[in-house]
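**Q** Have a peek at final08.pdb (PDB, C-alpha atoms).
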```
ATOM      1  CA  MET A  21       0.000   0.000   0.000
ATOM      2  CA  ALA A  22       2.878   2.348   0.841
ATOM      3  CA  ARG A  23       4.445   1.781  -2.584
ATOM      4  CA  LYS A  24       1.152   2.519  -4.299
ATOM      5  CA  SER A  25       0.665   5.723  -2.381
ATOM      6  CA  LYS A  26       4.183   6.862  -3.299
ATOM      7  CA  ALA A  27       3.530   6.090  -6.969
ATOM      8  CA  GLN A  28       0.284   7.994  -6.853
ATOM      9  CA  LYS A  29       2.068  11.015  -5.387
ATOM     10  CA  LYS A  30       4.554  11.028  -8.276
ATOM     11  CA  ILE A  31       1.791  11.150 -10.934
ATOM     12  CA  LYS A  32       1.113  14.748 -11.856
ATOM     13  CA  PRO A  33      -2.175  15.746 -13.496
ATOM     14  CA  THR A  34      -1.739  16.553 -17.156
ATOM     15  CA  LYS A  35      -2.628  20.084 -18.212
ATOM     16  CA  PRO A  36      -5.162  20.499 -20.993
ATOM     17  CA  PRO A  37      -3.608  21.836 -24.212
ATOM     18  CA  GLU A  38      -3.709  25.602 -24.423
ATOM     19  CA  ARG A  39      -6.024  27.118 -27.005
ATOM     20  CA  SER A  40      -4.375  29.177 -29.700
ATOM     21  CA  ALA A  41      -4.935  32.914 -29.493
ATOM     22  CA  PRO A  42      -7.163  34.468 -32.178
ATOM     23  CA  ASN A  43      -5.368  35.762 -35.240
ATOM     24  CA  ILE A  44      -6.447  39.401 -35.204
ATOM     25  CA  ILE A  45      -5.277  40.393 -38.714
ATOM     26  CA  LEU A  46      -6.956  37.373 -40.281
ATOM     27  CA  ALA A  47     -10.108  38.010 -38.238
ATOM     28  CA  LEU A  48     -10.281  41.666 -39.319
ATOM     29  CA  LEU A  49      -9.944  40.800 -43.009
ATOM     30  CA  ALA A  50     -12.552  38.043 -42.771
ATOM     31  CA  ILE A  51     -14.970  40.253 -40.807
ATOM     32  CA  LEU A  52     -14.620  43.004 -43.423
ATOM     33  CA  GLY A  53     -15.547  40.445 -46.084
ATOM     34  CA  LEU A  54     -18.455  39.292 -43.937
ATOM     35  CA  LEU A  55     -19.717  42.859 -43.557
ATOM     36  CA  LEU A  56     -19.349  43.525 -47.288
ATOM     37  CA  THR A  57     -21.315  40.429 -48.333
ATOM     38  CA  THR A  58     -23.911  40.943 -45.591
ATOM     39  CA  GLY A  59     -24.535  44.481 -46.858
ATOM     40  CA  LEU A  60     -24.822  43.278 -50.450
ATOM     41  CA  LEU A  61     -27.294  40.562 -49.448
ATOM     42  CA  ALA A  62     -29.389  42.998 -47.404
ATOM     43  CA  ILE A  63     -29.572  45.455 -50.292
ATOM     44  CA  SER A  64     -30.406  42.647 -52.714
ATOM     45  CA  MET A  65     -33.229  41.341 -50.481
ATOM     46  CA  THR A  66     -34.744  44.808 -50.027
ATOM     47  CA  LYS A  67     -34.521  45.477 -53.776
ATOM     48  CA  THR A  68     -32.767  48.801 -53.238
ATOM     49  CA  ASP A  69     -30.040  50.242 -55.449
ATOM     50  CA  LEU A  70     -26.431  49.682 -54.500
ATOM     51  CA  PRO A  71     -24.389  52.837 -53.843
ATOM     52  CA  TYR A  72     -22.235  53.674 -56.901
ATOM     53  CA  CYS A  73     -24.136  50.984 -58.802
ATOM     54  CA  ALA A  74     -26.747  52.859 -60.821
ATOM     55  CA  SER A  75     -28.898  51.130 -63.407
ATOM     56  CA  GLY A  76     -26.834  50.385 -66.502
ATOM     57  CA  SER A  77     -23.497  50.825 -64.711
ATOM     58  CA  GLY A  78     -20.761  48.230 -64.877
ATOM     59  CA  CYS A  79     -21.625  47.062 -61.398
ATOM     60  CA  ASP A  80     -25.309  46.656 -62.284
ATOM     61  CA  ILE A  81     -24.434  44.735 -65.449
ATOM     62  CA  VAL A  82     -22.227  42.310 -63.524
ATOM     63  CA  GLN A  83     -24.748  41.878 -60.691
ATOM     64  CA  SER A  84     -27.539  41.056 -63.154
ATOM     65  CA  SER A  85     -25.488  38.691 -65.333
ATOM     66  CA  ARG A  86     -25.859  34.909 -65.303
ATOM     67  CA  TRP A  87     -22.528  34.659 -63.497
ATOM     68  CA  SER A  88     -24.112  36.306 -60.434
ATOM     69  CA  ILE A  89     -26.164  33.155 -59.691
ATOM     70  CA  LEU A  90     -24.794  29.728 -58.769
ATOM     71  CA  LEU A  91     -27.069  26.730 -58.161
ATOM     72  CA  GLY A  92     -30.029  29.016 -57.647
ATOM     73  CA  LEU A  93     -28.298  31.226 -55.073
ATOM     74  CA  PRO A  94     -26.592  34.595 -55.526
ATOM     75  CA  ILE A  95     -22.811  34.363 -55.646
ATOM     76  CA  THR A  96     -22.853  36.726 -52.661
ATOM     77  CA  VAL A  97     -24.364  33.961 -50.515
ATOM     78  CA  TRP A  98     -21.434  31.669 -51.292
ATOM     79  CA  GLY A  99     -19.028  34.510 -50.531
ATOM     80  CA  TRP A 100     -20.781  35.192 -47.225
ATOM     81  CA  GLY A 101     -20.459  31.544 -46.240
ATOM     82  CA  THR A 102     -16.751  31.550 -47.069
ATOM     83  CA  TYR A 103     -16.059  34.665 -45.008
ATOM     84  CA  ALA A 104     -18.114  33.217 -42.123
ATOM     85  CA  VAL A 105     -15.949  30.074 -42.088
ATOM     86  CA  LEU A 106     -12.755  32.138 -42.238
ATOM     87  CA  THR A 107     -13.971  34.374 -39.400
ATOM     88  CA  GLY A 108     -14.755  31.349 -37.267
ATOM     89  CA  ALA A 109     -11.337  29.838 -37.944
ATOM     90  CA  ALA A 110      -9.553  33.095 -37.108
ATOM     91  CA  LEU A 111     -11.353  33.576 -33.814
ATOM     92  CA  PHE A 112     -12.306  30.162 -32.478
ATOM     93  CA  ALA A 113      -9.963  27.473 -33.849
ATOM     94  CA  ALA A 114      -8.465  25.562 -30.905
ATOM     95  CA  LYS A 115      -5.182  24.746 -32.656
ATOM     96  CA  LYS A 116      -3.066  26.785 -35.036
ATOM     97  CA  THR A 117      -2.680  23.833 -37.374
ATOM     98  CA  THR A 118      -6.447  23.368 -37.564
ATOM     99  CA  ARG A 119      -6.947  27.093 -38.158
ATOM    100  CA  TRP A 120      -4.517  27.284 -41.045
ATOM    101  CA  ARG A 121      -5.708  24.100 -42.690
ATOM    102  CA  ILE A 122      -9.208  25.606 -42.806
ATOM    103  CA  VAL A 123      -7.935  28.992 -43.970
ATOM    104  CA  ILE A 124      -5.635  27.592 -46.655
ATOM    105  CA  PHE A 125      -8.375  25.350 -48.082
ATOM    106  CA  PHE A 126     -11.176  27.925 -48.229
ATOM    107  CA  ALA A 127      -8.995  30.936 -49.075
ATOM    108  CA  THR A 128      -7.271  29.094 -51.935
ATOM    109  CA  ILE A 129     -10.576  28.031 -53.505
ATOM    110  CA  ALA A 130     -12.174  31.447 -52.943
ATOM    111  CA  PHE A 131      -9.135  33.180 -54.441
ATOM    112  CA  GLY A 132      -9.299  30.990 -57.550
ATOM    113  CA  VAL A 133     -13.049  31.570 -57.952
ATOM    114  CA  SER A 134     -12.625  35.325 -57.449
ATOM    115  CA  VAL A 135      -9.896  35.468 -60.110
ATOM    116  CA  TYR A 136     -12.165  33.561 -62.493
ATOM    117  CA  LEU A 137     -15.244  35.750 -61.902
ATOM    118  CA  ASN A 138     -13.342  39.022 -62.148
ATOM    119  CA  ALA A 139     -11.712  37.828 -65.373
ATOM    120  CA  VAL A 140     -15.180  37.021 -66.721
ATOM    121  CA  SER A 141     -16.487  40.470 -65.785
ATOM    122  CA  ILE A 142     -13.563  42.243 -67.473
ATOM    123  CA  TRP A 143     -13.085  40.175 -70.637
ATOM    124  CA  ILE A 144     -16.515  38.621 -71.281
ATOM    125  CA  ILE A 145     -19.105  40.899 -69.676
ATOM    126  CA  ASP A 146     -16.871  43.908 -70.409
ATOM    127  CA  ALA A 147     -17.817  45.607 -67.148
ATOM    128  CA  ILE A 148     -16.211  46.244 -63.774
ATOM    129  CA  CYS A 149     -17.903  45.826 -60.389
ATOM    130  CA  ILE A 150     -16.238  47.765 -57.554
ATOM    131  CA  TYR A 151     -17.785  45.464 -54.964
ATOM    132  CA  CYS A 152     -16.366  42.398 -56.719
ATOM    133  CA  LEU A 153     -12.946  44.051 -56.781
ATOM    134  CA  ALA A 154     -13.236  44.907 -53.068
ATOM    135  CA  SER A 155     -14.047  41.292 -52.235
ATOM    136  CA  PHE A 156     -11.191  40.137 -54.472
ATOM    137  CA  ALA A 157      -8.770  42.419 -52.590
ATOM    138  CA  LEU A 158      -9.891  41.004 -49.237
ATOM    139  CA  ILE A 159      -9.715  37.352 -50.245
ATOM    140  CA  ALA A 160      -6.353  37.943 -51.959
ATOM    141  CA  ALA A 161      -5.014  39.463 -48.716
ATOM    142  CA  ILE A 162      -6.261  36.452 -46.736
ATOM    143  CA  TYR A 163      -4.752  34.068 -49.303
ATOM    144  CA  LEU A 164      -1.373  35.804 -49.114
ATOM    145  CA  LEU A 165      -1.571  35.838 -45.317
ATOM    146  CA  SER A 166      -2.107  32.078 -45.336
ATOM    147  CA  TRP A 167       1.416  31.632 -46.748
ATOM    148  CA  ARG A 168       2.787  32.831 -43.417
ATOM    149  CA  ALA A 169       0.608  30.461 -41.374
ATOM    150  CA  ASP A 170       2.137  31.573 -38.058
ATOM    151  CA  GLY A 171       5.442  29.988 -39.064
ATOM    152  CA  LEU A 172       4.008  26.463 -39.099
ATOM    153  CA  SER A 173       5.698  23.808 -41.209
ATOM    154  CA  GLY A 174       4.320  20.689 -42.834
ATOM    155  CA  LEU A 175       1.493  22.422 -44.693
ATOM    156  CA  ALA A 176       2.964  22.145 -48.195
ATOM    157  CA  GLY A 177       0.995  19.002 -49.040
ATOM    158  CA  TRP A 178      -2.224  20.525 -47.738
ATOM    159  CA  ARG A 179      -1.614  23.677 -49.785
ATOM    160  CA  LEU A 180      -0.995  21.597 -52.915
ATOM    161  CA  GLY A 181      -4.236  19.692 -52.378
ATOM    162  CA  SER A 182      -6.140  22.939 -51.818
ATOM    163  CA  SER A 183      -4.716  24.369 -55.050
ATOM    164  CA  ALA A 184      -5.836  21.259 -56.929
ATOM    165  CA  ALA A 185      -9.319  21.618 -55.396
ATOM    166  CA  ALA A 186      -9.432  25.266 -56.523
ATOM    167  CA  LEU A 187      -8.566  24.284 -60.103
ATOM    168  CA  ILE A 188     -11.294  21.619 -60.070
ATOM    169  CA  VAL A 189     -13.880  24.096 -58.743
ATOM    170  CA  VAL A 190     -12.975  26.706 -61.371
ATOM    171  CA  GLY A 191     -13.150  24.028 -64.064
ATOM    172  CA  LEU A 192     -16.610  22.959 -62.894
ATOM    173  CA  LEU A 193     -17.751  26.588 -62.820
ATOM    174  CA  THR A 194     -16.556  27.040 -66.400
ATOM    175  CA  LEU A 195     -18.545  23.992 -67.499
ATOM    176  CA  HIS A 196     -21.571  25.123 -65.483
ATOM    177  CA  TYR A 197     -21.670  28.570 -67.083
ATOM    178  CA  SER A 198     -21.144  27.060 -70.515
ATOM    179  CA  GLY A 199     -24.448  25.209 -70.053
ATOM    180  CA  ALA A 200     -22.876  21.741 -69.842
ATOM    181  CA  PHE A 201     -24.868  20.828 -66.707
ATOM    182  CA  ASP A 202     -27.825  23.212 -66.912
ATOM    183  CA  PRO A 203     -28.825  25.061 -70.092
ATOM    184  CA  ALA A 204     -30.421  27.791 -67.946
ATOM    185  CA  ALA A 205     -26.959  28.728 -66.664
ATOM    186  CA  GLY A 206     -25.357  28.831 -70.090
ATOM    187  CA  PRO A 207     -25.245  31.416 -72.874
ATOM    188  CA  GLU A 208     -28.556  32.770 -74.156
ATOM    189  CA  ASP A 209     -29.950  31.723 -77.503
ATOM    190  CA  PRO A 210     -30.515  34.998 -79.447
ATOM    191  CA  TYR A 211     -33.893  33.826 -80.738
ATOM    192  CA  LEU A 212     -35.196  32.728 -77.321
ATOM    193  CA  ARG A 213     -33.992  35.964 -75.775
ATOM    194  CA  ALA A 214     -35.688  38.009 -78.484
ATOM    195  CA  VAL A 215     -39.001  36.174 -78.030
ATOM    196  CA  ALA A 216     -38.868  36.589 -74.239
ATOM    197  CA  GLU A 217     -38.091  40.301 -74.538
ATOM    198  CA  HIS A 218     -40.857  40.723 -77.124
ATOM    199  CA  LEU A 219     -43.395  39.096 -74.783
ATOM    200  CA  SER A 220     -42.373  41.444 -71.995
ATOM    201  CA  GLY A 221     -42.419  44.399 -74.372
ATOM    202  CA  ILE A 222     -46.045  43.846 -75.440
ATOM    203  CA  ASP A 223     -47.096  43.459 -71.797
ATOM    204  CA  ALA A 224     -47.944  39.760 -72.061
ATOM    205  CA  LYS A 225     -48.435  37.919 -68.781
ATOM    206  CA  PHE A 226     -47.194  34.464 -67.749
ATOM    207  CA  TYR A 227     -48.992  33.400 -64.555
ATOM    208  CA  GLY A 228     -47.581  30.428 -62.682
ATOM    209  CA  ALA A 229     -46.552  28.896 -59.378
ATOM    210  CA  TYR A 230     -43.160  27.704 -58.155
ATOM    211  CA  TRP A 231     -44.577  24.244 -57.331
ATOM    212  CA  CYS A 232     -46.176  23.765 -60.761
ATOM    213  CA  PRO A 233     -44.129  21.296 -62.898
ATOM    214  CA  HIS A 234     -45.670  22.591 -66.150
ATOM    215  CA  CYS A 235     -44.585  26.125 -65.215
ATOM    216  CA  GLN A 236     -41.030  24.886 -64.773
ATOM    217  CA  GLN A 237     -41.219  23.155 -68.148
ATOM    218  CA  GLN A 238     -42.401  26.426 -69.681
ATOM    219  CA  LYS A 239     -39.389  28.246 -68.256
ATOM    220  CA  GLN A 240     -37.010  25.480 -69.345
ATOM    221  CA  ALA A 241     -38.164  25.979 -72.926
ATOM    222  CA  PHE A 242     -36.421  29.379 -72.808
ATOM    223  CA  GLY A 243     -33.201  28.093 -71.212
ATOM    224  CA  ALA A 244     -30.971  30.912 -70.009
ATOM    225  CA  SER A 245     -33.525  33.510 -71.154
ATOM    226  CA  ALA A 246     -36.254  32.307 -68.764
ATOM    227  CA  ALA A 247     -35.589  35.217 -66.399
ATOM    228  CA  ARG A 248     -36.668  37.632 -69.163
ATOM    229  CA  LEU A 249     -40.197  36.183 -69.378
ATOM    230  CA  PRO A 250     -43.061  38.332 -68.000
ATOM    231  CA  TYR A 251     -43.595  35.842 -65.188
ATOM    232  CA  ILE A 252     -45.980  36.481 -62.287
ATOM    233  CA  GLU A 253     -45.714  34.229 -59.222
ATOM    234  CA  CYS A 254     -49.203  33.333 -58.009
ATOM    235  CA  SER A 255     -48.139  31.472 -54.849
ATOM    236  CA  PRO A 256     -45.862  33.861 -52.952
ATOM    237  CA  ASN A 257     -47.303  32.568 -49.657
ATOM    238  CA  GLY A 258     -46.846  28.869 -50.348
ATOM    239  CA  GLN A 259     -49.009  26.271 -52.069
ATOM    240  CA  ARG A 260     -51.735  26.519 -49.409
ATOM    241  CA  GLY A 261     -51.381  30.259 -48.812
ATOM    242  CA  ALA A 262     -53.349  33.138 -50.287
ATOM    243  CA  PRO A 263     -52.699  33.705 -54.012
ATOM    244  CA  ALA A 264     -51.102  36.905 -55.241
ATOM    245  CA  THR A 265     -53.500  39.801 -55.725
ATOM    246  CA  ALA A 266     -52.626  40.092 -59.425
ATOM    247  CA  CYS A 267     -53.647  36.462 -59.957
ATOM    248  CA  LEU A 268     -56.929  36.939 -58.082
ATOM    249  CA  VAL A 269     -57.768  40.001 -60.163
ATOM    250  CA  ALA A 270     -56.975  38.114 -63.380
ATOM    251  CA  GLU A 271     -59.052  35.137 -62.140
ATOM    252  CA  ILE A 272     -56.244  32.657 -62.721
ATOM    253  CA  LYS A 273     -57.454  29.089 -62.140
ATOM    254  CA  ASN A 274     -54.838  26.999 -63.951
ATOM    255  CA  TYR A 275     -51.053  27.101 -64.188
ATOM    256  CA  PRO A 276     -49.483  28.120 -66.400
ATOM    257  CA  THR A 277     -51.821  30.723 -67.892
ATOM    258  CA  TRP A 278     -50.693  33.105 -70.597
ATOM    259  CA  VAL A 279     -52.484  36.350 -71.420
ATOM    260  CA  ILE A 280     -51.283  37.612 -74.808
ATOM    261  CA  GLU A 281     -52.929  40.432 -76.729
ATOM    262  CA  GLY A 282     -56.088  40.005 -74.624
ATOM    263  CA  ARG A 283     -56.345  36.230 -75.256
ATOM    264  CA  ARG A 284     -55.946  33.591 -72.528
ATOM    265  CA  HIS A 285     -54.060  30.327 -72.998
ATOM    266  CA  ASP A 286     -54.404  27.981 -70.024
ATOM    267  CA  ARG A 287     -51.606  25.576 -70.888
ATOM    268  CA  THR A 288     -47.912  25.257 -71.665
ATOM    269  CA  LEU A 289     -47.040  26.768 -75.028
ATOM    270  CA  THR A 290     -44.113  26.104 -77.304
ATOM    271  CA  VAL A 291     -41.763  28.945 -78.190
ATOM    272  CA  GLU A 292     -43.113  28.899 -81.746
ATOM    273  CA  GLN A 293     -46.697  29.220 -80.484
ATOM    274  CA  LEU A 294     -45.753  32.115 -78.238
ATOM    275  CA  ALA A 295     -43.996  33.833 -81.140
ATOM    276  CA  ARG A 296     -47.030  33.354 -83.394
ATOM    277  CA  TYR A 297     -49.643  34.420 -80.840
ATOM    278  CA  SER A 298     -47.651  37.532 -79.939
ATOM    279  CA  GLY A 299     -46.927  38.569 -83.535
ATOM    280  CA  PHE A 300     -43.182  38.053 -83.203
ATOM    281  CA  ARG A 301     -41.146  37.984 -86.411
ATOM    282  CA  LYS A 302     -39.848  34.677 -87.697
ATOM    283  CA  ARG A 303     -36.524  33.112 -86.712
ATOM    284  CA  SER A 304     -34.969  33.952 -90.096
ATOM    285  CA  ASP A 305     -35.688  37.642 -89.469
ATOM    286  CA  VAL A 306     -33.875  37.482 -86.124
ATOM    287  CA  ASP A 307     -30.935  35.507 -87.504
ATOM    288  CA  ALA A 308     -30.562  38.031 -90.321
ATOM    289  CA  HIS A 309     -29.651  40.709 -87.785
TER     290      HIS A 309
END
```
Now that the file is in, can you turn its structure into structure tokens?
**A**
Amino acid sequence: MARKSKAQKKIKPTKPPERSAPNIILALLAILGLLLTTGLLAISMTKTDLPYCASGSGCDIVQSSRWSILLGLPITVWGWGTYAVLTGAALFAAKKTTRWRIVIFFATIAFGVSVYLNAVSIWIIDAICIYCLASFALIAAIYLLSWRADGLSGLAGWRLGSSAAALIVVGLLTLHYSGAFDPAAGPEDPYLRAVAEHLSGIDAKFYGAYWCPHCQQQKQAFGASAARLPYIECSPNGQRGAPATACLVAEIKNYPTWVIEGRRHDRTLTVEQLARYSGFRKRSDVDAH
């Protein structure tokens, strides 16, 4: 018993590992990005104009382009999520190694995506968005900061893997916006765009509901130009909620319902039918321009 008691006295309680201190510079950069994307989302949700982003400006053109939406969500949402993860890693990561693995992975991918999107805006859209450039500057600063990584070693392999992941993501984005996975995300067909704009121009109405499969088929017929259709959502309050006032006034009973030149069409229409009913010129006339 005496030997056991002596052995027990020699055993010292192990101290829990100390948490790493927050990285203030990294946290400040990530929080600035979080504030920027939060402001952009708030303005987008309230449908107000962005400061220094008047209608028809380079910023407005970029924000309304097909590259501003990814998988049904604004690109800003994905940016917000990235900055939120980086902020959490900067402030709350228990270990430095864990922090920098997270930062290197997300910052490398975000940097690659930001380079890609800004290149698209400059060379394809031919417009410049100051908010995109501001976000690019922040994520570039975080990416460069990750190369310091508090002097930690052994992260070369992780950085290489993160770079490979960034290249894969950019490659998938390129395919996505080329229409390889979803025609609605790809380039617009000039004819479909012209028909959609013509329908909007003559004040035609396309009444539908988000849960209606035939309404979705109608939109799919226009591919990337579907957003240009004069669509009116009749179920803003859900499938069982009160219909939109405009739909009640128009006495809409079936979805989709088209109202073109005073005539009602309670069914899905082909693009050719819509062109004919609306008096749109033939395809050859459009192609000739």
**Q** With distances taken over all atoms listed in the file, which of A:Ile150, A:Val190, A:Cys254, A:Val279 is nearest to A:Cys267?
**A**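 That would be A:Cys254, the residue with the smallest distance to A:Cys267.
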**Q** At what distance in Å, to one decimal, does atom CA of A:Gly99 lie from atom CA of A:Ile162?
**A** 13.5 Å
**Q** Do you know which residues are at most 7 Å from stretch 45-53 of chain A counting only C-alpha atoms, after dropping those on the same chain fewer than 6 positions away, and could you put them as JSON, numbers by chain?
**A** {"A": [103, 106, 107, 110, 111, 155, 158, 162]}
**Q** Please indicate the distance in Å from atom CA of A:Pro94 to atom CA of A:Ala224, rounded to one decimal place.
**A** 27.5 Å
**Q** Considering all atoms listed in the file, can you say which of A:Tyr72, A:Trp98, A:Phe156, A:Tyr211 comes closest to A:Arg301?
**A** A:Tyr211
**Q** Find, counting all atoms listed in the file, the residue in A:Arg119, A:Thr128, A:Ile252, A:Phe300 that gets nearest to A:Leu268.
**A**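 Nearest candidate to A:Leu268 out of A:Arg119, A:Thr128, A:Ile252, A:Phe300: A:Ile252.
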**Q** Using all atoms listed in the file, which of the listed residues (A:Ile124, A:Ile63, A:Val105, A:Ala147) sits closest to A:Ser77?
**A**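 Looking only at the distances to A:Ser77, the closest residue turns out to be A:Ala147.
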**Q** Leaving out A:Gly78 and any residue of its chain fewer than 5 positions from it, which residues lie within 9 Å of it when counting all atoms listed in the file, given as a list in words?
**A**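 In the requested format, the answer is Cys73, Gln83, Ser141, Ile145, Asp146, Ala147, Ile148, Cys149 and Ile150 of chain A.
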